[in-house]
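Trainee: Below is the file run-v3.cif, which contains mmCIF, C-alpha atoms.
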```cif
data_model
loop_
_atom_site.label_atom_id
_atom_site.label_comp_id
_atom_site.auth_asym_id
_atom_site.auth_seq_id
_atom_site.Cartn_x
_atom_site.Cartn_y
_atom_site.Cartn_z
CA MET M 1 87.27 65.72 141.50
CA THR M 2 87.77 69.22 140.16
CA ARG M 3 90.87 69.90 138.11
CA VAL M 4 93.93 70.34 140.28
CA ALA M 5 94.93 73.78 139.12
CA ARG M 6 95.01 76.23 136.26
CA SER M 7 97.53 75.68 133.50
CA THR M 8 100.58 77.89 133.98
CA ALA M 9 103.02 76.15 131.68
CA SER M 10 103.52 79.20 129.47
CA VAL M 11 104.03 81.41 132.50
CA LEU M 12 106.59 79.06 133.98
CA VAL M 13 108.47 78.82 130.70
CA ALA M 14 108.54 82.59 130.46
CA ALA M 15 109.89 82.84 133.99
CA VAL M 16 112.60 80.26 133.54
CA LEU M 17 113.72 81.09 130.02
CA GLY M 18 112.98 84.78 130.01
CA VAL M 19 114.29 85.94 133.35
CA ALA M 20 117.39 83.89 133.98
CA PRO M 21 119.53 85.36 131.16
CA PHE M 22 118.74 88.86 132.36
CA LEU M 23 119.63 88.28 135.97
CA ALA M 24 123.31 88.10 135.09
CA SER M 25 123.23 91.05 132.71
CA CYS M 26 123.98 94.71 133.35
CA GLY M 27 121.20 96.80 131.87
CA ALA M 28 121.26 100.53 131.45
CA GLY M 29 120.50 102.83 134.37
CA GLU M 30 117.01 104.33 134.52
CA THR M 31 115.71 107.85 134.99
CA GLU M 32 113.83 109.02 138.07
CA ALA M 33 110.60 109.01 136.05
CA GLU M 34 111.18 105.41 134.99
CA ALA M 35 111.94 104.40 138.56
CA ALA M 36 108.75 106.08 139.76
CA ALA M 37 106.71 104.32 137.07
CA ARG M 38 108.22 101.00 138.04
CA ALA M 39 107.42 101.58 141.72
CA ALA M 40 103.83 102.51 140.87
CA GLU M 41 103.42 99.39 138.75
CA TRP M 42 104.78 97.23 141.53
CA ALA M 43 102.38 98.79 144.04
CA SER M 44 99.52 97.90 141.70
CA ILE M 45 100.76 94.30 141.43
CA GLU M 46 100.93 94.03 145.22
CA GLN M 47 97.34 95.27 145.44
CA GLU M 48 96.25 92.70 142.87
CA ARG M 49 97.93 89.99 144.94
CA THR M 50 95.96 91.16 147.99
CA THR M 51 92.72 90.87 146.02
CA LEU M 52 93.76 87.38 144.92
CA GLU M 53 94.34 86.33 148.53
CA VAL M 54 90.82 87.45 149.43
CA LEU M 55 89.42 85.26 146.66
CA ARG M 56 91.54 82.33 147.88
CA GLY M 57 90.13 82.77 151.36
CA GLN M 58 86.60 82.70 149.99
CA LEU M 59 87.32 79.50 148.08
CA ALA M 60 88.89 77.85 151.14
CA ALA M 61 85.76 78.64 153.16
CA ALA M 62 83.53 77.30 150.38
CA ARG M 63 85.52 74.05 150.25
CA GLU M 64 85.18 73.53 153.98
CA GLN M 65 81.41 73.87 153.68
CA ASP M 66 81.19 72.07 150.32
CA ALA M 67 79.22 75.11 149.18
CA PRO M 68 77.39 75.10 145.82
CA ALA M 69 79.38 78.19 144.80
CA MET M 70 82.67 76.28 144.98
CA PRO M 71 82.99 75.46 141.22
CA GLU M 72 82.32 79.08 140.27
CA LEU M 73 84.89 80.32 142.80
CA GLU M 74 87.45 77.81 141.53
CA ALA M 75 86.95 79.06 137.97
CA ARG M 76 87.17 82.71 139.04
CA LEU M 77 90.31 82.05 141.04
CA GLY M 78 91.90 80.15 138.15
CA HIS M 79 91.33 82.98 135.69
CA ALA M 80 92.38 85.65 138.19
CA THR M 81 95.57 83.74 139.03
CA ASP M 82 96.47 83.27 135.37
CA ARG M 83 96.09 87.00 134.72
CA PHE M 84 98.09 87.88 137.81
CA LEU M 85 100.95 85.51 136.95
CA GLU M 86 101.14 86.79 133.39
CA ARG M 87 101.40 90.34 134.70
CA LEU M 88 103.95 89.38 137.37
CA VAL M 89 106.23 87.53 134.93
CA ALA M 90 105.98 90.38 132.42
CA PHE M 91 107.11 92.77 135.17
CA ILE M 92 110.07 90.53 136.03
CA ASN M 93 111.12 90.19 132.42
CA ARG M 94 110.79 93.91 131.75
CA HIS M 95 112.83 95.06 134.73
CA ALA M 96 115.34 92.22 135.15
CA GLY M 97 118.16 94.10 133.39
CA VAL M 98 117.56 97.48 135.03
CA GLN M 99 120.24 99.16 137.17
CA GLU M 100 119.38 101.67 139.81
CA GLY M 101 120.98 105.08 139.70
CA GLY M 102 123.43 104.49 136.87
CA GLY M 103 126.38 103.76 139.18
CA GLU M 104 127.53 100.34 140.27
CA ALA M 105 125.22 97.64 138.87
CA LYS M 106 122.35 97.10 141.29
CA ALA M 107 119.08 95.39 140.50
CA ALA M 108 115.85 97.29 141.00
CA PRO M 109 114.55 96.56 144.53
CA GLU M 110 111.15 95.51 143.25
CA LEU M 111 112.74 92.80 141.10
CA ALA M 112 113.82 90.63 144.03
CA ALA M 113 110.39 91.07 145.60
CA ALA M 114 108.70 90.10 142.34
CA ILE M 115 110.80 86.97 141.95
CA ARG M 116 110.09 85.99 145.55
CA MET M 117 106.38 86.58 144.99
CA LYS M 118 106.50 84.34 141.90
CA SER M 119 108.22 81.68 143.99
CA SER M 120 105.41 81.91 146.55
CA GLU M 121 102.88 81.36 143.78
CA ASP M 122 104.82 78.33 142.56
CA LEU M 123 104.87 76.93 146.09
CA LEU M 124 101.09 77.27 146.28
CA LEU M 125 100.64 75.62 142.91
CA ALA M 126 102.96 72.73 143.75
CA ARG M 127 101.18 72.21 147.07
CA GLU M 128 97.82 72.14 145.28
CA TYR M 129 99.02 69.45 142.90
CA VAL M 130 100.05 67.37 145.91
CA ASP M 131 97.11 68.03 148.23
CA ARG M 132 94.31 67.83 145.67
CA GLY M 133 95.79 65.55 143.03
CA GLY M 134 98.52 63.49 144.67
CA ASP M 135 100.79 64.49 141.78
CA TYR M 136 104.26 64.72 143.30
CA ALA M 137 105.96 64.50 139.90
CA LYS M 138 104.20 67.65 138.68
CA ALA M 139 104.93 69.46 141.93
CA ILE M 140 108.62 68.60 141.64
CA ASP M 141 108.71 69.94 138.07
CA ILE M 142 107.14 73.22 139.19
CA LEU M 143 109.50 73.64 142.13
CA ALA M 144 112.59 72.76 140.09
CA GLY M 145 111.59 75.34 137.48
CA ALA M 146 111.04 77.99 140.13
CA ARG M 147 114.49 77.32 141.60
CA THR M 148 116.05 78.05 138.19
CA VAL M 149 114.92 81.65 138.67
CA ASP M 150 115.20 81.82 142.47
CA PRO M 151 118.05 79.40 143.30
CA ASP M 152 118.68 80.66 146.84
CA ASN M 153 115.07 80.27 147.99
CA GLN M 154 115.20 77.81 150.87
CA ASP M 155 111.42 77.35 150.94
CA LEU M 156 111.50 76.08 147.35
CA ALA M 157 114.42 73.79 148.12
CA ALA M 158 112.71 72.35 151.21
CA ALA M 159 109.41 71.82 149.39
CA GLN M 160 111.14 70.05 146.50
CA ALA M 161 113.09 67.81 148.88
CA GLU M 162 109.89 66.91 150.73
CA ALA M 163 108.02 66.16 147.49
CA GLU M 164 110.87 63.94 146.32
CA ARG M 165 110.87 62.13 149.67
CA LEU M 166 107.13 61.48 149.55
CA ARG M 167 106.81 60.77 145.84
CA TYR M 168 107.26 57.02 146.34
CA MET M 169 105.76 55.00 149.18
CA ASP M 170 108.11 53.40 151.69
CA GLU M 171 107.39 50.54 154.02
CA GLU M 172 107.79 52.54 157.24
CA ARG M 173 105.24 55.17 156.22
CA PHE M 174 102.84 52.59 154.83
CA ALA M 175 102.95 50.62 158.09
CA ARG M 176 101.08 53.46 159.84
CA ILE M 177 97.84 52.41 158.16
CA GLU M 178 95.60 50.20 160.32
CA LYS M 179 92.36 48.37 159.68
CA GLY M 180 89.33 50.53 160.43
CA MET M 181 90.98 53.85 159.53
CA THR M 182 88.88 56.29 157.51
CA ALA M 183 89.81 57.57 154.07
CA ASP M 184 90.67 60.97 155.58
CA GLU M 185 92.99 59.33 158.10
CA VAL M 186 94.74 57.46 155.30
CA ARG M 187 95.20 60.69 153.36
CA ALA M 188 96.67 62.33 156.45
CA GLU M 189 99.29 59.57 156.74
CA LEU M 190 100.04 58.73 153.11
CA GLY M 191 98.97 61.80 151.17
CA GLN M 192 96.34 62.27 148.49
CA VAL M 193 95.99 59.37 146.08
CA LYS M 194 96.03 60.14 142.35
CA GLN M 195 92.60 59.68 140.82
CA GLN M 196 93.95 57.32 138.15
CA ASN M 197 95.35 55.12 140.94
CA VAL M 198 91.92 54.45 142.44
CA ARG M 199 90.38 51.08 141.53
CA HIS M 200 86.87 49.76 142.17
CA ALA M 201 86.84 46.04 142.83
CA GLU M 202 83.98 43.59 143.30
CA ALA M 203 81.57 43.76 146.22
CA GLY M 204 81.98 47.50 146.59
CA GLN M 205 85.64 47.39 147.53
CA GLU M 206 87.75 50.43 146.63
CA VAL M 207 91.52 50.20 146.23
CA TRP M 208 94.04 53.04 146.45
CA LEU M 209 97.42 52.37 144.86
CA TYR M 210 100.49 54.26 146.04
CA PRO M 211 103.53 53.98 143.73
CA ARG M 212 106.79 52.57 144.95
CA LYS M 213 110.10 52.83 143.18
CA ASN M 214 110.77 50.77 140.05
CA GLY M 215 107.09 50.56 139.11
CA ALA M 216 105.85 48.62 142.14
CA ALA M 217 102.86 49.81 144.19
CA ALA M 218 101.36 49.42 147.66
CA ALA M 219 97.59 49.11 148.07
CA VAL M 220 95.03 50.17 150.66
CA PHE M 221 91.74 48.27 150.42
CA PHE M 222 88.57 50.01 151.60
CA ARG M 223 85.04 48.87 152.26
CA ALA M 224 82.04 51.09 152.79
CA ARG M 225 80.51 51.38 156.25
CA PRO M 226 76.70 51.26 156.60
CA ASP M 227 76.70 55.06 156.44
CA GLY M 228 78.64 54.96 153.16
CA ALA M 229 81.96 56.20 154.55
CA LEU M 230 85.07 54.28 153.54
CA GLU M 231 87.20 52.44 156.09
CA VAL M 232 90.36 50.39 155.67
CA ASP M 233 89.67 46.69 155.24
CA ASP M 234 93.20 45.55 154.41
CA THR M 235 96.61 46.70 153.16
CA ASN M 236 99.33 45.14 151.04
CA PHE M 237 102.69 46.81 150.55
CA GLU M 238 103.57 44.23 147.86
CA ALA M 239 100.27 44.53 145.99
CA VAL M 240 101.84 45.38 142.61
CA ALA M 241 105.24 43.92 141.83
CA ALA M 242 107.91 45.82 139.92
CA PRO M 243 107.86 45.00 136.20
CA THR M 244 110.42 42.45 135.09
CA GLU M 245 113.37 43.44 132.96
CA PRO M 246 112.59 43.20 129.23
CA PRO M 247 114.61 40.81 127.07
CA PRO M 248 117.75 42.28 125.47
CA GLY M 249 116.89 44.50 122.53
CA VAL M 250 113.33 45.17 123.67
CA GLY M 251 112.61 48.80 124.48
CA THR M 252 110.91 49.98 127.64
CA GLU M 253 108.08 52.45 127.96
CA THR M 254 108.76 55.63 129.83
CA GLU M 255 106.73 56.44 132.90
CA PRO M 256 103.73 58.60 131.97
CA SER M 257 104.07 62.19 133.08
CA GLY M 258 101.79 63.57 135.80
CA HIS M 259 98.68 65.72 135.29
#
```
Turn this file's structure into structure tokens for me.

Mentor:
Amino acid sequence: MTRVARSTASVLVAAVLGVAPFLASCGAGETEAEAAARAAEWASIEQERTTLEVLRGQLAAAREQDAPAMPELEARLGHATDRFLERLVAFINRHAGVQEGGGEAKAAPELAAAIRMKSSEDLLLAREYVDRGGDYAKAIDILAGARTVDPDNQDLAAAQAEAERLRYMDEERFARIEKGMTADEVRAELGQVKQQNVRHAEAGQEVWLYPRKNGAAAAVFFRARPDGALEVDDTNFEAVAAPTEPPPGVGTETEPSGH
């Protein structure tokens, strides 16, 4: 599987740590020339976002067709997105303390739009970690960080709540899986499985493990059809038991982080 997404850790840190202190501050008013320059820069950023969306559409089409150009498009999109996010966060940081007009403190109108645009990018990134990598923990981290900067964004809040709900498998959701289902049908019901949670057993059997709370895991067992496609052979919600409590004085290992 291709890597889930580009690395944006530095961008996210800049957004969370760099913007938040300024949002509560009262910067100096700006001149008309400065306001015009800011508006022109924002128009350029919006145009760059449009170009980025075109590239995303091309990649989506390539993925549907499993086109040979897909890896190249993924690399191009990753680099283009990194550059765009760096520029967007720099714009937010630079203009976060600006007041319009010099009268009562009022944030520059482009600032709210920029923050909302950054939130949209974070939503896309979080969704990619879930859809392509099954990494709910990473998605939750991204969404929580975005809400530090954009706390009133209901889309971020809803996406984080949904990721937290689906992060661990529950018996009701798992019960939807039936013998004979295809791998795609299982993904549609349970979500993408993390690559490190895929096991290959004897006689060609493939096992997908879905984490439950407290370290337990449910398992879907697949066998290959004559045409090579996977179909469900069996399921076991109790496949992996929760680890037992360590003796007093013995430390426990922390859960490995996602991605």

Trainee: Any idea what the distance is between CA of Ile142 in chain M and CA of Gln154 in chain M?

Mentor: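 If I compute the distance from CA of Ile142 in chain M to CA of Gln154 in chain M, I get 14.9 Å.
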
Trainee: CA of Ala114 in chain M and CA of Glu32 in chain M are how many Å apart?

Mentor: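 Those two atoms sit 20.1 Å apart.
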
Trainee: Just give me the gap between CA of Tyr129 in chain M and CA of Gln195 in chain M in Å, one decimal is fine.

Mentor: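 CA of Gln195 in chain M lies at a distance of 11.9 Å from CA of Tyr129 in chain M.
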
Trainee: Taking the file as I've supplied it (selection: the PyMOL selection byres ((chain M and resi 180-191) around 12)), which residues are included? Please answer as a ChimeraX atom specification.

Mentor: /M:127-136,163,165-179,192-194,206-211,218-225,228-235

Trainee: For C-alpha atoms, I'd like the residues from the last selection saved as a compact mmCIF listing (two decimals), keeping the file's coordinate frame.

Mentor:
```
# COMPACT_ATOMS: atom_id res chain seq x y z
CA ARG M 127 101.18 72.21 147.07
CA GLU M 128 97.82 72.14 145.28
CA TYR M 129 99.02 69.45 142.90
CA VAL M 130 100.05 67.37 145.91
CA ASP M 131 97.11 68.03 148.23
CA ARG M 132 94.31 67.83 145.67
CA GLY M 133 95.79 65.55 143.03
CA GLY M 134 98.52 63.49 144.67
CA ASP M 135 100.79 64.49 141.78
CA TYR M 136 104.26 64.72 143.30
CA ALA M 163 108.02 66.16 147.49
CA ARG M 165 110.87 62.13 149.67
CA LEU M 166 107.13 61.48 149.55
CA ARG M 167 106.81 60.77 145.84
CA TYR M 168 107.26 57.02 146.34
CA MET M 169 105.76 55.00 149.18
CA ASP M 170 108.11 53.40 151.69
CA GLU M 171 107.39 50.54 154.02
CA GLU M 172 107.79 52.54 157.24
CA ARG M 173 105.24 55.17 156.22
CA PHE M 174 102.84 52.59 154.83
CA ALA M 175 102.95 50.62 158.09
CA ARG M 176 101.08 53.46 159.84
CA ILE M 177 97.84 52.41 158.16
CA GLU M 178 95.60 50.20 160.32
CA LYS M 179 92.36 48.37 159.68
CA GLN M 192 96.34 62.27 148.49
CA VAL M 193 95.99 59.37 146.08
CA LYS M 194 96.03 60.14 142.35
CA GLU M 206 87.75 50.43 146.63
CA VAL M 207 91.52 50.20 146.23
CA TRP M 208 94.04 53.04 146.45
CA LEU M 209 97.42 52.37 144.86
CA TYR M 210 100.49 54.26 146.04
CA PRO M 211 103.53 53.98 143.73
CA ALA M 218 101.36 49.42 147.66
CA ALA M 219 97.59 49.11 148.07
CA VAL M 220 95.03 50.17 150.66
CA PHE M 221 91.74 48.27 150.42
CA PHE M 222 88.57 50.01 151.60
CA ARG M 223 85.04 48.87 152.26
CA ALA M 224 82.04 51.09 152.79
CA ARG M 225 80.51 51.38 156.25
CA GLY M 228 78.64 54.96 153.16
CA ALA M 229 81.96 56.20 154.55
CA LEU M 230 85.07 54.28 153.54
CA GLU M 231 87.20 52.44 156.09
CA VAL M 232 90.36 50.39 155.67
CA ASP M 233 89.67 46.69 155.24
CA ASP M 234 93.20 45.55 154.41
CA THR M 235 96.61 46.70 153.16
```

Trainee: Name all residues at most 6 Å from range 236-246 of chain M (count only C-alpha atoms; drop same-chain ones fewer than 2 positions away) and give them as a list in words.

Mentor: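 Contacts, with the query itself left out: Asn214, Gly215, Ala216, Ala217, Ala218, Ala219 and Val250 of chain M.
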